[in-house]
Each structure stands twice: as structure tokens, then as C-alpha cells.
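Scroll down for the structure; my scribbles are underneath it.
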Amino acid sequence: MVMPLPAVSLAQPDGTRTAADFLQGKWTIAYLGDGACDERCRKALYLSRQSRIALNQDMDRVQRVFLATGSRVDTQFMAAEHADLLVAFAGDDADSRALLAKFPTFDGVTPLAAGRLYLIDPLGNLVLSYSAAAPDKALLTDVK
């Protein structure tokens, strides 16, 4: 089921805010989770990076976004390992709540606890999600 996502502006680690349409214009691979980024988060971000790189000449058509909760993000790790990753805080403000409310709960597990990757189309619609148990090639196959 396609779910239109609202246009929202979220805080970034450097204190700036995203453009309200930052989830539009490109295919977006998004990860939702705690800003501390545990091992499951790191694996998901690695998979999203490798899938984007594997697109070769089409990789510029895809962006990666980490919707982080909490106020702590390991910015050194993100800069070293995921320089192309847009990090935005999904906090307790109205824009964050409006956005997060659109992500589905699976088997009673909230989107922020699920460790899933989400695929958002260039129009800003949430179209697919991938559990941590999904085959690594599934994301790449669908983005292609």
C-alpha cells in the first residue's frame, strides 16, 4: 500500500533544518532508529550504501536518509562511513510526529524499534519496507 508522506522540516545534527520537501525528488532509502546507531542500524546503513553504489550511473537518482531519534548521533562515524547520508532528527515536535505516524507498525513493533529500511518514491510516497531478515539483494532489485 502506498502511503503519502507529509512535507516536513526536521532538525539536522549541525543545527540546520531539512527542506520541507527533502523526501521528494529522488528515490529515498530511509532508516528509522535511535541516533546512537547500534549494530542493526549500522548493518542497515551499510546495506543502503552498498545498494546505492551498486546502481552505478543511476546512484544519483537515490538518496539515503537516517531518521534518528534522541539527540545523540555519532557524527564522526557517519562522516567517515556514510558521507552521503542525510541525518535528520525525528523528535517529539509536530513535524516529526506527523511523519512518523505514516510509517506502519509490523507485528506490534513500532517503526522506530523495527530496524527496517523503507523505500520512498520521488513523489514522497512510502512504497516498500524491508525487515532486517530480508535478503540483501531485495532492496537493490526493487530500486533498479
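Simple scheme: letters A, B, ... for chains in C-alpha cells order, numbers from 1 for residues in each chain, numbers from 1 for ligands in the order shown.
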
Please provide as number ranges by chain all residues within 12 Å of Thr110 in chain A, with the sequence filter that same-chain residues fewer than 5 positions apart are discarded (counting only C-alpha atoms). A: 32-33, 100-105, 115-116

For the residues selected in the previous step, produce a file with C-alpha atoms as an mmCIF file, in the first residue's frame.
```cif
data_model
loop_
_atom_site.group_PDB
_atom_site.id
_atom_site.type_symbol
_atom_site.label_atom_id
_atom_site.label_comp_id
_atom_site.auth_asym_id
_atom_site.auth_seq_id
_atom_site.Cartn_x
_atom_site.Cartn_y
_atom_site.Cartn_z
ATOM 1 C CA LEU A 32 14.403 4.962 11.344
ATOM 2 C CA GLY A 33 16.071 4.374 14.685
ATOM 3 C CA LEU A 100 6.426 9.025 11.896
ATOM 4 C CA ALA A 101 2.674 8.416 12.137
ATOM 5 C CA LYS A 102 2.708 7.418 8.446
ATOM 6 C CA PHE A 103 5.163 4.540 8.935
ATOM 7 C CA PRO A 104 3.361 1.247 9.660
ATOM 8 C CA THR A 105 3.720 -0.957 12.699
ATOM 9 C CA GLY A 115 15.119 -1.849 12.308
ATOM 10 C CA ARG A 116 13.579 -1.716 8.839
#
```

Taking the DSSP secondary structure from the backbone, can you list the residues of range 25-140 of chain A that are strand (DSSP E), as a ChimeraX atom specification? /A:27-34,62-69,85-89,117-120,125-130

Give me the residues near Ala90 in chain A as a PyMOL selection string, where near means some atom within 8 Å (using only C-alpha atoms) and where sequence neighbours in that chain fewer than 5 positions away do not count. chain A and resi 10-11+67-70+96-97+100

Taking N, CA, C and O atoms for each residue, export the selection above as a PDB file, in the first residue's frame.
```
ATOM      1  N   LEU A  10      12.868  18.900   9.342  1.00  0.00           N
ATOM      2  CA  LEU A  10      13.407  18.302  10.554  1.00  0.00           C
ATOM      3  C   LEU A  10      14.795  18.859  10.858  1.00  0.00           C
ATOM      4  O   LEU A  10      15.537  19.249   9.952  1.00  0.00           O
ATOM      5  N   ALA A  11      15.138  18.864  12.144  1.00  0.00           N
ATOM      6  CA  ALA A  11      16.459  19.330  12.576  1.00  0.00           C
ATOM      7  C   ALA A  11      17.522  18.346  12.128  1.00  0.00           C
ATOM      8  O   ALA A  11      17.286  17.135  12.047  1.00  0.00           O
ATOM      9  N   LEU A  67      16.561   8.753   9.787  1.00  0.00           N
ATOM     10  CA  LEU A  67      15.657   9.485  10.667  1.00  0.00           C
ATOM     11  C   LEU A  67      15.966   9.021  12.085  1.00  0.00           C
ATOM     12  O   LEU A  67      15.559   7.936  12.497  1.00  0.00           O
ATOM     13  N   ALA A  68      16.721   9.838  12.797  1.00  0.00           N
ATOM     14  CA  ALA A  68      17.268   9.452  14.096  1.00  0.00           C
ATOM     15  C   ALA A  68      16.437  10.002  15.239  1.00  0.00           C
ATOM     16  O   ALA A  68      16.017  11.158  15.221  1.00  0.00           O
ATOM     17  N   THR A  69      16.228   9.167  16.244  1.00  0.00           N
ATOM     18  CA  THR A  69      15.578   9.618  17.462  1.00  0.00           C
ATOM     19  C   THR A  69      16.659   9.927  18.494  1.00  0.00           C
ATOM     20  O   THR A  69      17.812   9.519  18.343  1.00  0.00           O
ATOM     21  N   GLY A  70      16.264  10.622  19.520  1.00  0.00           N
ATOM     22  CA  GLY A  70      17.238  11.008  20.537  1.00  0.00           C
ATOM     23  C   GLY A  70      18.040  12.193  20.038  1.00  0.00           C
ATOM     24  O   GLY A  70      17.855  12.686  18.931  1.00  0.00           O
ATOM     25  N   SER A  96       7.792  15.909  13.186  1.00  0.00           N
ATOM     26  CA  SER A  96       8.274  14.536  13.387  1.00  0.00           C
ATOM     27  C   SER A  96       7.117  13.579  13.648  1.00  0.00           C
ATOM     28  O   SER A  96       7.062  12.495  13.069  1.00  0.00           O
ATOM     29  N   ARG A  97       6.209  13.973  14.514  1.00  0.00           N
ATOM     30  CA  ARG A  97       5.058  13.106  14.826  1.00  0.00           C
ATOM     31  C   ARG A  97       4.214  12.856  13.583  1.00  0.00           C
ATOM     32  O   ARG A  97       3.764  11.740  13.342  1.00  0.00           O
ATOM     33  N   LEU A 100       6.309  10.374  11.335  1.00  0.00           N
ATOM     34  CA  LEU A 100       6.426   9.025  11.896  1.00  0.00           C
ATOM     35  C   LEU A 100       5.093   8.296  11.963  1.00  0.00           C
ATOM     36  O   LEU A 100       5.052   7.067  11.866  1.00  0.00           O
TER      37      LEU A 100
END
```

Please identify all polymer residues within 9 Å of Met1 in chain A, counting only C-alpha atoms, omitting same-chain residues fewer than 2 positions from it, and present them as JSON, numbers by chain. {"A": [3, 126, 127, 128]}

Contact residues around Thr75 in chain A with only C-alpha atoms at 9 Å, ignoring same-chain residues under 4 positions, as a PyMOL selection string: chain A and resi 13+79-80

Residue among A:Thr18, A:Gln57, A:Gln12, A:Thr28 lying closest to Ser71 in chain A, counting only C-alpha atoms: A:Gln12

Measuring between only C-alpha atoms, which one of A:Tyr118, A:Tyr130, A:Tyr31, A:Tyr46 shows the shortest distance to Ala88 in chain A? A:Tyr31

Of the candidates A:Cys37, A:Leu140, A:Val2, A:Val65, which one gets nearest to Arg52 in chain A if we count only C-alpha atoms? A:Leu140

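Among A:Asp14, A:Gly35, A:Leu5, A:Arg42, the residue with the shortest atom-to-atom distance to Gly91 in chain A, counting only C-alpha atoms, is A:Gly35.
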
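For the set A:Asn125, A:Pro135, A:Ala83, A:Phe77, the residue with the smallest atom-to-atom gap to Leu99 in chain A is A:Asn125, counting only C-alpha atoms.
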
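Here CA of Asp38 in chain A is placed at a distance of 22.0 Å from CA of Lys137 in chain A.
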
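Comparing A:Pro122, A:Ala36, A:Ala138, A:Leu112 by their smallest distance to Gln76 in chain A, the closest is A:Ala36 (using only C-alpha atoms).
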
What's the 10 Å shell around Leu47 in chain A, counting only C-alpha atoms, without same-chain residues fewer than 6 positions away, as a count of residues only? 7
